[in-house]
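**Student:** To be precise about what I am sending: the file is called entry.txt and holds compact mmCIF, C-alpha atoms.
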```txt
# COMPACT_ATOMS: atom_id res chain seq x y z
CA MET A 1198 134.96 101.75 79.74
CA ARG A 1199 136.55 104.14 82.23
CA ILE A 1200 134.44 105.17 85.22
CA LEU A 1201 135.50 107.80 87.71
CA THR A 1202 133.96 107.53 91.17
CA ALA A 1203 133.95 111.07 92.56
CA LEU A 1204 133.02 112.27 96.05
CA ILE A 1205 132.79 115.62 97.80
CA THR A 1206 133.72 115.84 101.46
CA PHE A 1207 133.90 118.46 104.18
CA ASN A 1208 134.73 117.61 107.81
CA ARG A 1209 132.99 114.21 107.87
CA LEU A 1210 135.96 111.87 107.90
CA ASP A 1211 134.22 108.94 109.58
CA LEU A 1212 131.39 109.05 107.07
CA LEU A 1213 133.87 109.44 104.21
CA LYS A 1214 135.68 106.29 105.36
CA ARG A 1215 132.38 104.40 105.37
CA CYS A 1216 131.59 105.57 101.85
CA LEU A 1217 135.04 104.66 100.52
CA LYS A 1218 134.76 101.18 102.04
CA ALA A 1219 131.41 100.67 100.30
CA ILE A 1220 132.98 101.75 97.00
CA GLU A 1221 135.81 99.23 97.47
CA ASN A 1222 133.24 96.47 98.05
CA GLN A 1223 131.37 96.95 94.77
CA THR A 1224 130.60 93.84 92.72
CA PHE A 1225 131.68 95.82 89.64
CA LYS A 1226 135.27 96.74 90.40
CA ASN A 1227 136.31 100.30 89.61
CA ASN A 1228 139.53 101.58 91.13
CA ASP A 1229 139.51 105.16 89.86
CA ILE A 1230 138.45 107.37 92.76
CA LEU A 1231 138.64 111.13 93.19
CA VAL A 1232 137.80 112.95 96.41
CA ILE A 1233 137.16 116.68 96.29
CA ASN A 1234 138.14 117.92 99.73
CA ASN A 1235 136.49 121.26 100.46
CA SER A 1236 139.24 122.31 102.88
CA SER A 1237 138.37 119.91 105.70
CA THR A 1238 140.08 120.50 109.03
CA ASP A 1239 139.43 117.07 110.60
CA GLY A 1240 142.41 115.14 109.23
CA THR A 1241 140.77 114.21 105.93
CA GLU A 1242 143.74 115.23 103.80
CA ILE A 1243 146.24 113.26 105.91
CA TYR A 1244 144.00 110.18 105.76
CA LEU A 1245 143.67 110.37 101.96
CA LYS A 1246 147.43 110.78 101.57
CA ASN A 1247 148.14 107.78 103.81
CA LYS A 1248 145.65 105.64 101.88
CA ASN A 1249 147.05 106.83 98.53
CA ILE A 1250 143.60 107.98 97.42
CA ASN A 1251 143.52 110.59 94.66
CA PHE A 1252 142.16 113.91 95.94
CA ILE A 1253 142.00 117.62 95.25
CA THR A 1254 141.82 120.09 98.13
CA GLN A 1255 140.09 123.33 97.21
CA PRO A 1256 138.47 126.27 99.01
CA ASN A 1257 134.96 125.54 100.27
CA TYR A 1258 132.94 127.45 97.69
CA GLY A 1259 129.87 125.30 98.17
CA SER A 1260 128.63 122.00 96.81
CA ALA A 1261 128.17 123.33 93.27
CA SER A 1262 131.88 124.13 93.03
CA GLY A 1263 132.72 120.63 94.27
CA TRP A 1264 130.57 118.91 91.64
CA TYR A 1265 132.02 121.20 89.00
CA SER A 1266 135.56 120.08 89.91
CA CYS A 1267 134.57 116.40 89.81
CA ILE A 1268 133.10 116.67 86.33
CA GLU A 1269 135.89 118.89 85.02
CA TYR A 1270 138.45 116.29 86.13
CA ALA A 1271 136.53 113.47 84.44
CA MET A 1272 136.30 115.42 81.20
CA LYS A 1273 139.97 116.39 81.14
CA ASN A 1274 141.11 112.84 81.88
CA ASN A 1275 138.95 111.18 79.22
CA TYR A 1276 136.63 109.14 81.39
CA ASN A 1277 133.50 107.62 79.85
CA TYR A 1278 131.33 107.90 82.95
CA ILE A 1279 131.37 109.61 86.32
CA TRP A 1280 129.71 108.18 89.43
CA LEU A 1281 128.91 111.04 91.80
CA MET A 1282 128.09 110.97 95.50
CA ASP A 1283 128.37 112.97 98.71
CA ASP A 1284 130.35 111.77 101.72
CA ASP A 1285 127.48 111.07 104.12
CA GLY A 1286 125.78 108.36 102.04
CA PHE A 1287 127.14 105.09 100.70
CA PRO A 1288 126.22 102.72 97.85
CA ASP A 1289 124.89 99.20 98.09
CA SER A 1290 127.47 96.64 96.96
CA SER A 1291 125.70 95.99 93.65
CA ALA A 1292 124.77 99.61 92.88
CA LEU A 1293 127.42 100.41 90.28
CA GLU A 1294 126.90 97.09 88.48
CA LYS A 1295 123.17 97.75 88.15
CA LEU A 1296 123.64 101.34 87.00
CA LYS A 1297 126.19 100.31 84.37
CA GLU A 1298 123.87 97.50 83.23
CA ARG A 1299 121.12 100.02 82.48
CA PHE A 1300 123.43 101.96 80.17
CA ASP A 1301 124.14 98.69 78.34
CA GLN A 1302 120.42 97.90 78.01
CA LYS A 1303 118.90 101.18 76.88
CA LYS A 1304 119.92 103.86 74.39
CA ASN A 1305 119.72 107.63 74.88
CA ILE A 1306 120.41 107.47 78.61
CA ILE A 1307 122.52 110.32 79.91
CA CYS A 1308 122.13 109.62 83.64
CA ILE A 1309 120.91 106.73 85.74
CA SER A 1310 120.74 107.27 89.49
CA SER A 1311 120.41 105.04 92.51
CA VAL A 1312 117.35 105.43 94.69
CA VAL A 1313 118.32 107.19 97.94
CA VAL A 1314 116.90 105.35 100.95
CA ASN A 1315 117.14 105.85 104.69
CA GLU A 1316 120.05 103.76 105.96
CA LYS A 1317 117.94 102.66 108.97
CA LYS A 1318 114.51 102.41 107.31
CA THR A 1319 115.23 101.28 103.78
CA ASN A 1320 111.66 101.66 102.52
CA GLU A 1321 111.81 105.39 103.28
CA LEU A 1322 113.06 107.78 100.59
CA VAL A 1323 115.49 110.30 102.07
CA PHE A 1324 114.74 112.72 99.22
CA PRO A 1325 111.12 112.11 98.15
CA LEU A 1326 110.54 111.82 94.42
CA PRO A 1327 107.94 114.19 92.92
CA ILE A 1328 104.82 112.84 91.28
CA LEU A 1329 104.96 114.00 87.67
CA ASN A 1330 102.22 115.34 85.44
CA LYS A 1331 101.74 114.43 81.76
CA SER A 1332 104.39 116.99 80.81
CA GLY A 1333 106.95 115.36 83.10
CA GLN A 1334 106.89 118.23 85.59
CA PRO A 1335 106.17 117.94 89.33
CA VAL A 1336 102.44 118.16 90.00
CA ILE A 1337 101.02 121.11 91.92
CA PHE A 1338 97.33 120.49 92.53
CA SER A 1339 97.20 116.99 93.92
CA ARG A 1340 96.32 115.40 97.23
CA GLN A 1341 99.71 113.69 97.10
CA ARG A 1342 102.61 115.54 95.49
CA LYS A 1343 105.51 113.20 96.26
CA PHE A 1344 106.44 109.58 96.77
CA TYR A 1345 107.85 109.15 100.26
CA PHE A 1346 108.27 105.36 100.30
CA LEU A 1347 109.94 102.97 97.91
CA ASP A 1348 107.10 100.46 97.94
CA SER A 1349 104.68 103.18 96.79
CA LEU A 1350 106.63 103.40 93.53
CA ILE A 1351 107.04 99.65 93.14
CA ASN A 1352 103.33 99.03 93.80
CA LYS A 1353 102.54 101.36 90.89
CA GLY A 1354 104.64 99.21 88.60
CA PHE A 1355 107.82 101.28 88.43
CA SER A 1356 111.23 99.67 88.07
CA PHE A 1357 112.73 102.90 86.76
CA TYR A 1358 111.36 106.34 87.59
CA PRO A 1359 111.74 109.25 85.13
CA TYR A 1360 113.20 111.63 87.68
CA ALA A 1361 116.39 111.66 89.76
CA GLN A 1362 117.63 113.29 92.96
CA LEU A 1363 121.16 113.80 91.70
CA PHE A 1364 124.58 113.47 93.28
CA ASN A 1365 123.77 110.56 95.57
CA GLY A 1366 124.93 107.65 93.46
CA SER A 1367 124.30 109.06 89.97
CA LEU A 1368 126.14 107.51 87.01
CA ILE A 1369 126.46 110.03 84.16
CA SER A 1370 127.77 109.80 80.59
CA ILE A 1371 130.70 112.16 80.07
CA GLU A 1372 130.20 112.24 76.30
CA ASN A 1373 126.74 113.70 76.81
CA LEU A 1374 128.03 116.20 79.36
CA LYS A 1375 130.20 117.67 76.64
CA ILE A 1376 126.88 118.83 75.15
CA VAL A 1377 125.11 119.68 78.42
CA GLY A 1378 128.06 121.45 80.02
CA ASN A 1379 129.21 121.37 83.62
CA VAL A 1380 127.40 122.23 86.85
CA ASN A 1381 126.74 125.96 87.27
CA LYS A 1382 128.89 127.09 90.21
CA ASN A 1383 126.76 130.20 90.77
CA TYR A 1384 124.12 128.08 92.51
CA PHE A 1385 126.60 127.74 95.40
CA ILE A 1386 124.83 125.30 97.75
CA TYR A 1387 121.29 124.77 96.47
CA GLY A 1388 119.50 124.14 93.19
CA GLU A 1389 122.51 123.16 91.10
CA GLU A 1390 121.28 119.56 90.97
CA VAL A 1391 117.81 120.64 89.79
CA ASP A 1392 119.27 122.87 87.09
CA PHE A 1393 121.61 120.06 86.01
CA PHE A 1394 118.72 117.56 85.90
CA TRP A 1395 116.59 119.68 83.56
CA ARG A 1396 119.53 120.48 81.32
CA MET A 1397 120.32 116.77 80.94
CA LYS A 1398 116.64 115.96 80.32
CA LYS A 1399 116.73 118.16 77.24
CA ILE A 1400 119.09 115.79 75.41
CA GLY A 1401 118.47 112.34 76.89
CA ILE A 1402 116.92 110.08 79.49
CA VAL A 1403 117.50 110.75 83.19
CA GLU A 1404 115.99 108.21 85.57
CA THR A 1405 116.25 106.43 88.91
CA ARG A 1406 116.77 102.67 89.13
CA LEU A 1407 114.64 101.50 92.04
CA ASP A 1408 116.66 98.36 92.84
CA ALA A 1409 120.01 100.17 92.93
CA TYR A 1410 120.25 101.47 96.49
CA HIS A 1411 122.19 104.35 97.93
CA TYR A 1412 121.96 104.49 101.72
CA HIS A 1413 121.84 107.87 103.42
CA PRO A 1414 121.14 109.30 106.88
CA SER A 1415 117.75 110.92 107.34
CA VAL A 1416 117.80 114.67 106.72
CA SER A 1417 114.29 115.43 108.01
CA ARG A 1418 115.57 116.95 111.26
CA ARG A 1419 118.64 118.78 110.02
CA LYS A 1420 118.37 122.45 110.86
CA TYR A 1421 118.44 125.03 108.10
CA SER A 1422 121.24 127.59 108.19
CA ASP A 1423 120.63 131.19 107.12
CA ILE A 1424 122.69 130.65 103.98
CA LYS A 1425 120.79 127.52 102.98
CA ILE A 1426 117.46 129.29 103.43
CA TYR A 1427 118.69 132.18 101.31
CA TYR A 1428 119.84 130.00 98.40
CA TYR A 1429 116.89 127.62 98.68
CA ILE A 1430 114.48 130.51 98.13
CA LYS A 1431 116.44 132.41 95.51
CA ASN A 1432 117.64 129.48 93.43
CA THR A 1433 114.32 127.62 93.51
CA ILE A 1434 112.54 130.70 92.15
CA ILE A 1435 115.17 131.01 89.41
CA ASN A 1436 114.78 127.33 88.47
CA ASN A 1437 110.99 127.72 88.38
CA TYR A 1438 111.36 130.49 85.84
CA LYS A 1439 113.86 128.49 83.80
CA TYR A 1440 112.14 125.12 83.59
CA LEU A 1441 108.59 124.89 84.99
CA SER A 1442 105.04 126.00 84.27
CA ASN A 1443 102.59 127.71 86.67
CA ILE A 1444 105.46 129.82 87.97
CA LYS A 1445 103.43 132.17 90.19
CA THR A 1446 101.80 129.28 92.02
CA ARG A 1447 105.08 127.45 92.45
CA ASN A 1448 106.77 130.59 93.77
CA LEU A 1449 103.98 131.11 96.30
CA MET A 1450 104.44 127.54 97.43
CA ILE A 1451 108.13 128.26 98.12
CA PHE A 1452 107.08 130.75 100.80
CA ILE A 1453 104.74 128.23 102.43
CA ILE A 1454 107.13 125.27 102.16
CA ILE A 1455 110.18 127.05 103.57
CA LEU A 1456 108.20 128.35 106.57
CA PHE A 1457 106.85 124.87 107.27
CA ARG A 1458 110.27 123.25 107.00
CA VAL A 1459 112.00 125.89 109.10
CA TYR A 1460 109.29 125.68 111.75
CA SER A 1461 109.64 121.88 111.99
CA ARG A 1462 113.45 121.98 112.13
CA ASN A 1463 114.42 125.33 113.65
CA GLY A 1464 111.39 126.23 115.78
CA PHE A 1465 108.82 129.00 116.09
CA ILE A 1466 111.18 131.73 117.34
CA TYR A 1467 113.34 131.28 114.25
CA ILE A 1468 110.25 131.76 112.08
CA ILE A 1469 109.42 135.03 113.84
CA SER A 1470 112.96 136.24 113.27
CA LEU A 1471 112.67 135.39 109.56
CA LEU A 1472 109.39 137.22 109.11
CA PHE A 1473 109.83 140.22 111.40
CA GLY A 1474 113.19 140.14 113.15
CA THR A 1475 116.91 140.25 112.51
CA LYS A 1476 116.80 137.57 109.82
CA SER A 1477 114.04 139.20 107.78
CA LYS A 1478 116.45 141.26 105.66
CA PHE A 1479 118.12 138.26 104.00
CA PHE A 1480 114.80 136.37 103.92
CA TYR A 1481 112.98 138.95 101.80
CA LYS A 1482 116.12 139.76 99.84
CA ALA A 1483 116.22 136.12 98.70
CA PHE A 1484 112.74 136.46 97.18
CA PHE A 1485 113.56 139.79 95.56
CA ARG A 1486 116.74 138.51 93.97
CA GLY A 1487 115.02 135.31 92.88
CA PHE A 1488 112.33 137.31 91.08
CA LYS A 1489 115.12 139.37 89.47
CA LYS A 1490 116.77 136.05 88.42
CA LYS A 1491 120.11 137.03 89.95
CA LEU A 1492 122.06 133.77 89.81
CA LEU A 1493 125.15 134.84 91.75
CA ILE A 1494 127.05 133.94 94.89
CA ASP A 1495 125.78 137.01 96.71
CA HIS A 1496 124.70 136.07 100.24
CA GLU A 1497 127.25 138.43 101.78
CA SER A 1498 126.11 141.46 99.81
```
Once you've parsed the file, please lay out its structure as C-alpha cells.
**Tutor:**
Amino acid sequence: MRILTALITFNRLDLLKRCLKAIENQTFKNNDILVINNSSTDGTEIYLKNKNINFITQPNYGSASGWYSCIEYAMKNNYNYIWLMDDDGFPDSSALEKLKERFDQKKNIICISSVVVNEKKTNELVFPLPILNKSGQPVIFSRQRKFYFLDSLINKGFSFYPYAQLFNGSLISIENLKIVGNVNKNYFIYGEEVDFFWRMKKIGIVETRLDAYHYHPSVSRRKYSDIKIYYYIKNTIINNYKYLSNIKTRNLMIFIIILFRVYSRNGFIYIISLLFGTKSKFFYKAFFRGFKKKLLIDHES
C-alpha cells in the first residue's frame, strides 16, 4: 500500500512546519510527502529544499489547481491512496492509522475524512456538517440545518457521518479517482471540494470518521475577499444546479447567507458597497454568471 501525503501551501511557513511535524509523528508511518507550493514568497521553497521534502512550485492559480496537481502526481506515480490537507491545519497522531483502518474494514469506500475540529475548542466543528434529508442532501426547511459540535453527532449515535468537508485530512482511493476524474480547476478557489464530493458519492461511500481528528484554526472571523465572495456565489449556484434539489430556494438562500456572513466578518459598510456601491458590479455579476452556469476562471473579466 502506497500512500501519498499531499499538502498545499501559500505564505504560511510556520503553519506548514507545524503540519509537517504532525505528519512525521503519525502512528502509521508514511514517508511519502508532496508539498504543492503556490509560489510562496516567505522562504517556503528554501525550507523544503533544506529539509529534503519533495515539492512542486507552481503559479498560484487557486486552491483547485493545487489539489489537481496533488492528485495528478499521485496518479502518475502509482500511489494507492492520497491523504490531502491544507497547510493551516494538522492531523492528530493517530489520524492516518484510523482512516486506513476504515478502508480495511468496509468495502466500496472511496474517501474517508477526518473530522475537522477547532484546535483550541476540540468539540467545535470548524466546518459544520450539514444535516441530511432522506435523499442524502442537506436539509433546507429545518430549525437546525447543521451540526456545529462534535458531541451533537456522537449523541445521535454516529461514529461515521455520510458527508465530508474535503481536503482537511481526507484519505482517498486513487483507483476510484481514475473513474471519478481529477478536481475541476475551473472552480478556482471555491466549490471544487463540493463538486468533488458529489462526484465521488456517485460511485462509492464518502464519509467522516468522528474519532479521527484534524485540528484547524477557527475560520469564523476571517474576512471575505472580493474574489472569494464572487466564486462563493457563482460556484455554489452552479453546484446547486448540478447536484441538489429545490434549486430556486437554495439559490435564494445563497443571497441571504453571503450577506449575513459578510456582515459578521467585514462589517455593515462593506455590505452597502456590495449592494449599492463600488463592489456591486462583481456581486451581481456573480449571480448572473452562476445562473448561466459559467464555470470559468473569470473574475477579472
**Student:** Tell me, in Å to one decimal, how far CA of Ser1367 in chain A is from CA of Ser1311 in chain A.
**Tutor:**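 CA of Ser1311 in chain A lies 6.1 Å from CA of Ser1367 in chain A.
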**Student:** Mind listing as a PyMOL selection string all residues within 12 Å of (110.4, 126.4, 103.9), counting only C-alpha atoms?
**Tutor:** chain A and resi 1420-1423+1425-1431+1433+1448-1464+1467-1468+1471+1480
**Student:** Point out the residue among A:Ile1233, A:Ile1220, A:Ile1309, A:Leu1326 with the least atom-to-atom distance to Tyr1345 in chain A, counting only C-alpha atoms.
**Tutor:**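 Smallest separation from Tyr1345 in chain A among the options: A:Leu1326.
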**Student:** Around the point (110.3, 109.1, 99.9) (coordinates from the file), which residues reach within 10 Å if we count only C-alpha atoms? Answer as a list in words.
**Tutor:**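 Checking each residue against the 10 Å limit leaves Val1312, Val1313, Val1314, Asn1315, Asn1320, Glu1321, Leu1322, Val1323, Phe1324, Pro1325, Leu1326, Pro1327, Lys1343, Phe1344, Tyr1345, Phe1346, Leu1347, Asp1348, Ser1349 and Leu1350 of chain A.
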**Student:** What is the distance, in Å and to one decimal place, between CA of Ile1444 in chain A and CA of Pro1335 in chain A?
**Tutor:**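 Separation between CA of Ile1444 in chain A and CA of Pro1335 in chain A: 12.0 Å.
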**Student:** What's the separation between CA of Arg1215 in chain A and CA of Pro1288 in chain A, in Å to one decimal place?
**Tutor:**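 A separation of 9.9 Å between them.
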**Student:** Can you pull out the residues contacting Gly1401 in chain A? Cut-off 7 Å, using all atoms listed in the file, and skip same-chain residues under 5 positions away; I want them as a list in words.
**Tutor:**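 Using all atoms listed in the file, the neighbours found are Asn1305, Ile1306 and Ile1307 of chain A.
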**Student:** Name the closest residue to Asp1289 in chain A among the candidates A:Lys1353, A:Lys1318, A:Lys1218, A:Arg1447; distances are taken between atoms, counting all atoms listed in the file.
**Tutor:**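 For Asp1289 in chain A, the nearest of the candidates is A:Lys1218.
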**Student:** Which of these residues is nearest to Leu1374 in chain A, using only C-alpha atoms: A:Leu1441, A:Asn1330, A:Val1336, A:Met1272?
**Tutor:**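 The closest residue to Leu1374 in chain A is A:Met1272.
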**Student:** When you look at Lys1490 in chain A with a cut-off of 9 Å (counting all atoms listed in the file), what residues show up, excluding the ones that are within fewer than 2 positions of it in the same chain? I need them as a list in words.
**Tutor:** Lys1431, Asn1432, Ile1434, Ile1435, Asn1436, Tyr1438, Phe1485, Arg1486, Gly1487, Phe1488 and Leu1492 of chain A
**Student:** Since we have the selection now, will you write its residues out, keeping C-alpha atoms, as a CSV table (one decimal), in the coordinates of the input?
**Tutor:**
```csv
chain,number,residue,atom,x,y,z
A,1431,LYS,CA,116.4,132.4,95.5
A,1432,ASN,CA,117.6,129.5,93.4
A,1434,ILE,CA,112.5,130.7,92.2
A,1435,ILE,CA,115.2,131.0,89.4
A,1436,ASN,CA,114.8,127.3,88.5
A,1438,TYR,CA,111.4,130.5,85.8
A,1485,PHE,CA,113.6,139.8,95.6
A,1486,ARG,CA,116.7,138.5,94.0
A,1487,GLY,CA,115.0,135.3,92.9
A,1488,PHE,CA,112.3,137.3,91.1
A,1492,LEU,CA,122.1,133.8,89.8
```
**Student:** Enclose the full set of atoms of range 1463-1481 of chain A listed in the file within a box whose edges lie along x, y and z, apply 3 Å of padding to each of the six sides, and report centre and edge lengths in Å to one decimal as lines of an AutoDock Vina configuration file.
**Tutor:**
```
center_x = 113.5
center_y = 133.3
center_z = 109.6
size_x = 15.3
size_y = 21.9
size_z = 21.5
```
**Student:** Using all atoms listed in the file for the distances, tell me which of A:His1411, A:Arg1340, A:Lys1297, A:Lys1398 is nearest to Asp1284 in chain A.
**Tutor:**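 Of all the options, A:His1411 lies closest to Asp1284 in chain A.
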**Student:** Counting only C-alpha atoms, which residues of range 1392-1461 of chain A fall within 9 Å of range 1291-1294 of chain A, and what is the closest atom pair for each with its distance in Å at one decimal, ordered by chain and rising number, as a Markdown table?
**Tutor:**
```
| residue | atom | partner | partner_atom | distance |
| --- | --- | --- | --- | --- |
| A:Asp1408 | CA | A:Ala1292 | CA | 8.2 |
| A:Ala1409 | CA | A:Ala1292 | CA | 4.8 |
| A:Tyr1410 | CA | A:Ala1292 | CA | 6.1 |
| A:His1411 | CA | A:Ala1292 | CA | 7.4 |
```
**Student:** For Ala1361 in chain A, which residue among A:Ser1332, A:Gln1341, A:Thr1405, A:Ser1266 is the nearest when counting all atoms listed in the file?
**Tutor:** A:Thr1405
**Student:** If you count all atoms listed in the file, which residues fall within 12 Å of Lys1248 in chain A, apart from same-chain ones fewer than 4 positions away, as a ChimeraX atom specification?
**Tutor:** /A:1214,1217-1218,1230,1241-1244,1252
